[in-house]
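Below: the structure, in structure tokens.
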Amino acid sequence: MNQRTYNSEFNRSIADPEAFWMEQAQQIKWYQKPQKSISIDENGFYRWFKGGKLNTCYLALDVHIENGRGNDIALIYDSPVTQSVQKFTFSELREKVARFAGGLKKLGIEKGDTVVIYMPMIPQAVIAMLACARLGAIHSVVFGGFAPHELALRIDDAKPKAIITATSGIEIDRIIPYKPMVDEAIRLSSHKPDHVIVHNRKLGAIRPDADYDVDCSTLMKLSDPVGCTEVDATDPLYILYTSGTTGKPKGIIRDNGGHAVALNYSMKHVYGMNPREVFWAASDVGWVVGHSYIVYAPLIYGCTTVIFEGKPIRTPDASTFWRVISDYDVKVMFTAPTAIRAIKKEDPDGMLMKRFDLSGLRYQFLAGERCDAATLNWLQDHLKIPVIDHWWQTESGWPMVSNMMGYPDHFEVKPGSATKPVCGYNLQILREDGSRAKPNKEGFVTIKLPMPPGTLPNLWGDTERYRMGYLHTFDGYYFSGDGGYVDEEGYVFITGRVDDIINVAGHRLSTAEMEEVVSSHYAVAECCVVGIADELKGQIPLAIAVLKAGQDMEQFRLQSEVVNDVRREIGPVAGLKNVIIAQRLPKTRSGKILRKTIRAIADGQEYKVPSTIDDPIILDEITQLFMDEKIGVFQAKEE
Ligand code: COA
Ligand code: AMP
């Protein structure tokens, strides 16, 4: 029984973060232990465990083998789309990772070099990430739902020496040719990598050869396994690009030391896991959840992890999650509320769940987007275990607000709240003037510095954007970009982004990026893209376009062209399906588009007519347009 309570540990973590985290740092194996926990870098930013030496791949694999667990299962690959299952022990996984790292080394990849990984949900993606970590190379995984243009942006920013990919992925029953997309991205990018390492899945996808191609299995055969390269705690482990408020994605840096310490701590104290148990995050390695809770955290903590190549529904049906939980005796599962909404829609009475033995499942965690009470209650009623909504971001890398299940004093769930701040996060709701908001009053969700280990120390190649985007708004605080409030009992309620980032089916997307694509259409004079409420996906993008004078394009044609443009430029994951034509857009007198008001109209929420509005009549026009086009709340009313 853990004698330490959340309350006492939280207070300790805020009062003396250095001592608190130094204690947690003792739980992982260092080549050289850090002498102090916090230091300040050349930019004036907080850093954790400088001077400590370690290797993240060593912690994920070798340590467990040294502890006699080489024959335990480290990774389970479950792929309903190929109807296959593969299991890897720690020893088997290490052999593959060490050999692949040897191959990368042969190709000239060294500590500090960058490598882009663009892969479907197959074990080779995990092997590629761990192989980079083994060498001290910095990986940057790009989600497969992004189009070549997006991949090219990331190639130009990360400047990889190599790209690792596969011939194809599978989306339910469609083969997605990955390799041609990589070729197209390289054609579009200014930076050209030396090598493209291709894992041939032999699924019949076309695979045109290029000079830079290296066949993965040949490389493996010709290479010898290599050991782990010692890195500094503050050396980057990976860069993960995420959507910002401009068209250019930002490269979140994750360091090695703070990351390992924080993830190891979170497995026990947030998720209530024990080593040797099975943990399953049904996400994608292209997102932060995949990095932290498919790959690094479960392995570092000595759990078995699952890489699942499928969807919550249609692979083959809405029972697939329950089958996986029961097949592998998953103890704790993590997914996005959207996935549960999709399952609930197909199986409203939870009949499919009853077919499986889910008695081993302790907790179900949800994150990635706001969780509506109906979804949380439905899941809780059917699973009859705690369903835990928790809040975090790519930037934090691990949960910031959660019921911490590893402590004995966890809390009653209040639907709509992710519960209380996680140890180490001094969360404050601030008002616009920087003063603290009173309980139940909405404001900006911030974290008083220093943020705990594992959180972003900077942006790749853009220190100024880091400073301005996160640290400048409120002096001494990290600004999350979310709004929310804390109630009188200290429960945190996240109400949504206060910027133009939207969350579509748990995928974080920038409306600014979509606007760039829509406004580059030859017939469009100006446009705006807003995220409107959607029953299944939480939010979906809606584009409103004003045509250039003299253009009288039919709406359906504009829609089909713009939807194609967005799929081609950003990728199918953007999920833009609705484009409507308006005569004009509501703006302030200084010309700023009133996106928040447009969103409120579509969602049927009450709104105040902004005092700065140029012409209030336009709001009536937009309301009428939404009614005519059955957009948002008007669609629901019609049905
Ligand atoms: N590679 C290529 N294409 C991809 C892709 C990938 N890795 N992931 C998604 N796409 C494509 C899909 O095929 C789809 O294309 P389409 O418009 O041609 O059909 C499009 O991107 C949108 O995908 P998605 O958002 O997944 O919607 P969907 O309708 O296919 O599925 C859900 C709906 C709810 C089942 C699905 O969104 C889901 O599982 N959501 C949970 C998300 C999640 O786990 N997020 C992680 C955050 S923790
Ligand atoms: P990402 O960086 O892709 O993980 O997205 C992070 C954003 O998703 C946050 O800034 C929130 O806006 C949203 N988000 C994630 N988890 C939650 C949650 N539990 N409740 C509300 N919003 C969430």
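Just remember, in the structure tokens the first chain shown is A, the second B, etc., residues are 1-based per chain, and ligands are 1-based in the order shown.
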Restrict the calculation to only C-alpha atoms and all ligand atoms, then for each residue of chain A with any atom at most 6 Å from an atom of ligand 1 give the closest atom pair and their distance in Å to one decimal, rows by chain and rising residue number, as JSON lines.
```
{"residue": "A:Pro120", "atom": "CA", "partner": "ligand 1", "partner_atom_place_in_ligand_line": "7 (N)", "distance": 5.9}
{"residue": "A:Gly144", "atom": "CA", "partner": "ligand 1", "partner_atom_place_in_ligand_line": "1 (N)", "distance": 3.9}
{"residue": "A:Gly145", "atom": "CA", "partner": "ligand 1", "partner_atom_place_in_ligand_line": "4 (C)", "distance": 3.8}
{"residue": "A:Glu171", "atom": "CA", "partner": "ligand 1", "partner_atom_place_in_ligand_line": "13 (O)", "distance": 5.2}
{"residue": "A:Ala282", "atom": "CA", "partner": "ligand 1", "partner_atom_place_in_ligand_line": "44 (O)", "distance": 5.8}
{"residue": "A:Ser283", "atom": "CA", "partner": "ligand 1", "partner_atom_place_in_ligand_line": "44 (O)", "distance": 4.2}
{"residue": "A:Val289", "atom": "CA", "partner": "ligand 1", "partner_atom_place_in_ligand_line": "48 (S)", "distance": 5.5}
{"residue": "A:Lys311", "atom": "CA", "partner": "ligand 1", "partner_atom_place_in_ligand_line": "39 (O)", "distance": 5.0}
{"residue": "A:Pro312", "atom": "CA", "partner": "ligand 1", "partner_atom_place_in_ligand_line": "35 (C)", "distance": 5.5}
{"residue": "A:Ile313", "atom": "CA", "partner": "ligand 1", "partner_atom_place_in_ligand_line": "35 (C)", "distance": 5.9}
{"residue": "A:Thr335", "atom": "CA", "partner": "ligand 1", "partner_atom_place_in_ligand_line": "48 (S)", "distance": 5.5}
{"residue": "A:Ala336", "atom": "CA", "partner": "ligand 1", "partner_atom_place_in_ligand_line": "48 (S)", "distance": 4.8}
{"residue": "A:Thr338", "atom": "CA", "partner": "ligand 1", "partner_atom_place_in_ligand_line": "34 (C)", "distance": 5.0}
{"residue": "A:Ala339", "atom": "CA", "partner": "ligand 1", "partner_atom_place_in_ligand_line": "41 (C)", "distance": 4.5}
{"residue": "A:Ala342", "atom": "CA", "partner": "ligand 1", "partner_atom_place_in_ligand_line": "34 (C)", "distance": 5.2}
{"residue": "A:Ala367", "atom": "CA", "partner": "ligand 1", "partner_atom_place_in_ligand_line": "48 (S)", "distance": 5.8}
{"residue": "A:Gly368", "atom": "CA", "partner": "ligand 1", "partner_atom_place_in_ligand_line": "48 (S)", "distance": 4.6}
{"residue": "A:Ala505", "atom": "CA", "partner": "ligand 1", "partner_atom_place_in_ligand_line": "37 (O)", "distance": 4.7}
{"residue": "A:Gly506", "atom": "CA", "partner": "ligand 1", "partner_atom_place_in_ligand_line": "45 (N)", "distance": 4.4}
{"residue": "A:His507", "atom": "CA", "partner": "ligand 1", "partner_atom_place_in_ligand_line": "45 (N)", "distance": 5.7}
{"residue": "A:Pro572", "atom": "CA", "partner": "ligand 1", "partner_atom_place_in_ligand_line": "21 (O)", "distance": 4.0}
{"residue": "A:Val573", "atom": "CA", "partner": "ligand 1", "partner_atom_place_in_ligand_line": "21 (O)", "distance": 3.6}
{"residue": "A:Gly575", "atom": "CA", "partner": "ligand 1", "partner_atom_place_in_ligand_line": "22 (C)", "distance": 5.5}
```
Take the selection from the previous step and output its residues with C-alpha atoms, as a tab-separated table (two decimals), in the first residue's frame.
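Everything below was put into result.tsv:
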```tsv
chain	number	residue	atom	x	y	z
A	120	PRO	CA	1.89	3.09	-40.21
A	144	GLY	CA	0.58	9.02	-41.65
A	145	GLY	CA	-2.65	10.96	-42.22
A	171	GLU	CA	-6.90	2.32	-43.49
A	282	ALA	CA	-5.08	3.05	-28.68
A	283	SER	CA	-3.54	6.02	-30.41
A	289	VAL	CA	0.08	9.81	-26.89
A	311	LYS	CA	-9.85	1.52	-35.68
A	312	PRO	CA	-12.41	1.33	-32.88
A	313	ILE	CA	-15.06	0.37	-35.43
A	335	THR	CA	-8.09	6.22	-25.89
A	336	ALA	CA	-9.82	9.37	-27.15
A	338	THR	CA	-14.17	10.11	-30.13
A	339	ALA	CA	-13.30	6.44	-30.31
A	342	ALA	CA	-17.90	5.81	-32.44
A	367	ALA	CA	-7.79	12.30	-23.38
A	368	GLY	CA	-6.98	14.23	-26.50
A	505	ALA	CA	-11.55	13.26	-33.68
A	506	GLY	CA	-8.77	13.75	-31.14
A	507	HIS	CA	-6.45	15.11	-33.84
A	572	PRO	CA	-7.29	13.43	-45.14
A	573	VAL	CA	-6.93	13.79	-41.38
A	575	GLY	CA	-11.47	16.22	-42.15
```
Kindly assemble as a tab-separated table a list of the chain A residues that lie within 6 Å of ligand 2, each paired with its nearest atom pair and their distance in Å to one decimal, using only C-alpha atoms and all ligand atoms, sorted first by chain and then by ascending residue number.
```
residue	atom	partner	partner_atom_place_in_ligand_line	distance
A:Ala367	CA	ligand 2	19 (N)	4.2
A:Gly368	CA	ligand 2	15 (C)	3.6
A:Glu369	CA	ligand 2	23 (C)	3.7
A:Arg370	CA	ligand 2	21 (C)	3.3
A:Cys371	CA	ligand 2	20 (N)	5.8
A:Asp389	CA	ligand 2	19 (N)	5.2
A:His390	CA	ligand 2	19 (N)	4.3
A:Trp391	CA	ligand 2	19 (N)	3.7
A:Trp392	CA	ligand 2	16 (N)	5.1
A:Gln393	CA	ligand 2	2 (O)	3.7
A:Thr394	CA	ligand 2	2 (O)	3.6
A:Ala418	CA	ligand 2	19 (N)	5.8
A:Asp482	CA	ligand 2	12 (O)	5.5
A:Ile494	CA	ligand 2	21 (C)	5.1
A:Gly496	CA	ligand 2	12 (O)	5.2
A:Arg497	CA	ligand 2	12 (O)	5.0
A:His507	CA	ligand 2	3 (O)	5.8
A:Arg508	CA	ligand 2	3 (O)	4.5
```
When distances are computed from only C-alpha atoms, which of A:Ala19, A:Val633, A:Val295, A:Leu536 shows the smallest separation from Thr375 (chain A)?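 Among the listed residues, the smallest separation from Thr375 (chain A) belongs to A:Leu536.
Minimum atom-to-atom distances from A:Gly302, A:Lys268, A:Ile501, A:Ile622 to Gly68 (chain A) were compared using only C-alpha atoms, and the lowest value belongs to A:Gly302.
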Taking the backbone alone, and naming residues the way the document does, which bits of region 171-281 of chain A are alpha helix (DSSP H) by DSSP, as a PyMOL selection string? chain A and resi 178-188+216-222+257-269
From the list A:Ala373, A:Ala318, A:Ala166, A:Ala152, which residue is nearest Leu352 (chain A) when using only C-alpha atoms? A:Ala318
Out of region 16-197 of chain A, which residues get strand (DSSP E or B) from DSSP, as a PyMOL selection string? chain A and resi 32+38-40+46-48+53-54+73-79+84-89+114-118+138-141+162-166+168-171+174-177+195-197
Which residues, written as a ChimeraX atom specification, have at least one atom at most 9 Å from Met121 (chain A), with only C-alpha atoms counted and residues fewer than 2 positions away on the same chain left out? /A:77,79,119,123-126,169,284-286,307-310
Those selected residues, please, written with C-alpha atoms and delivered as a JSON list (two decimals), in the first residue's frame.
```json
[["chain", "number", "residue", "atom", "x", "y", "z"],
["A", 77, "TYR", "CA", 1.37, -6.08, -32.44],
["A", 79, "SER", "CA", -3.50, -5.88, -36.55],
["A", 119, "MET", "CA", 5.13, 4.89, -40.84],
["A", 123, "PRO", "CA", 6.28, -2.82, -34.95],
["A", 124, "GLN", "CA", 8.92, -1.43, -37.31],
["A", 125, "ALA", "CA", 7.79, 2.07, -36.31],
["A", 126, "VAL", "CA", 8.58, 1.30, -32.66],
["A", 169, "GLY", "CA", -0.36, 1.45, -44.53],
["A", 284, "ASP", "CA", -0.98, 6.40, -33.20],
["A", 285, "VAL", "CA", 2.80, 6.67, -32.93],
["A", 286, "GLY", "CA", 2.47, 9.91, -34.92],
["A", 307, "ILE", "CA", 0.62, -1.47, -31.01],
["A", 308, "PHE", "CA", -2.79, -1.75, -32.61],
["A", 309, "GLU", "CA", -3.26, -1.33, -36.35],
["A", 310, "GLY", "CA", -6.98, -0.77, -36.58]]
```
Exercise: region 462-472 of chain A partners within 10 Å, only C-alpha atoms, chain neighbours under 3 positions left out, as a list of chain:residue names: A:Asn43, A:Phe45, A:Asp157, A:Gly244, A:Thr245, A:Lys250, A:Gly251, A:Ile252, A:Glu395, A:Thr446, A:Leu449, A:Leu456, A:Pro457, A:Asn458, A:Leu459, A:Asp475, A:Gly476, A:Tyr477, A:Tyr478, A:Phe479, A:Ser480, A:Gly481
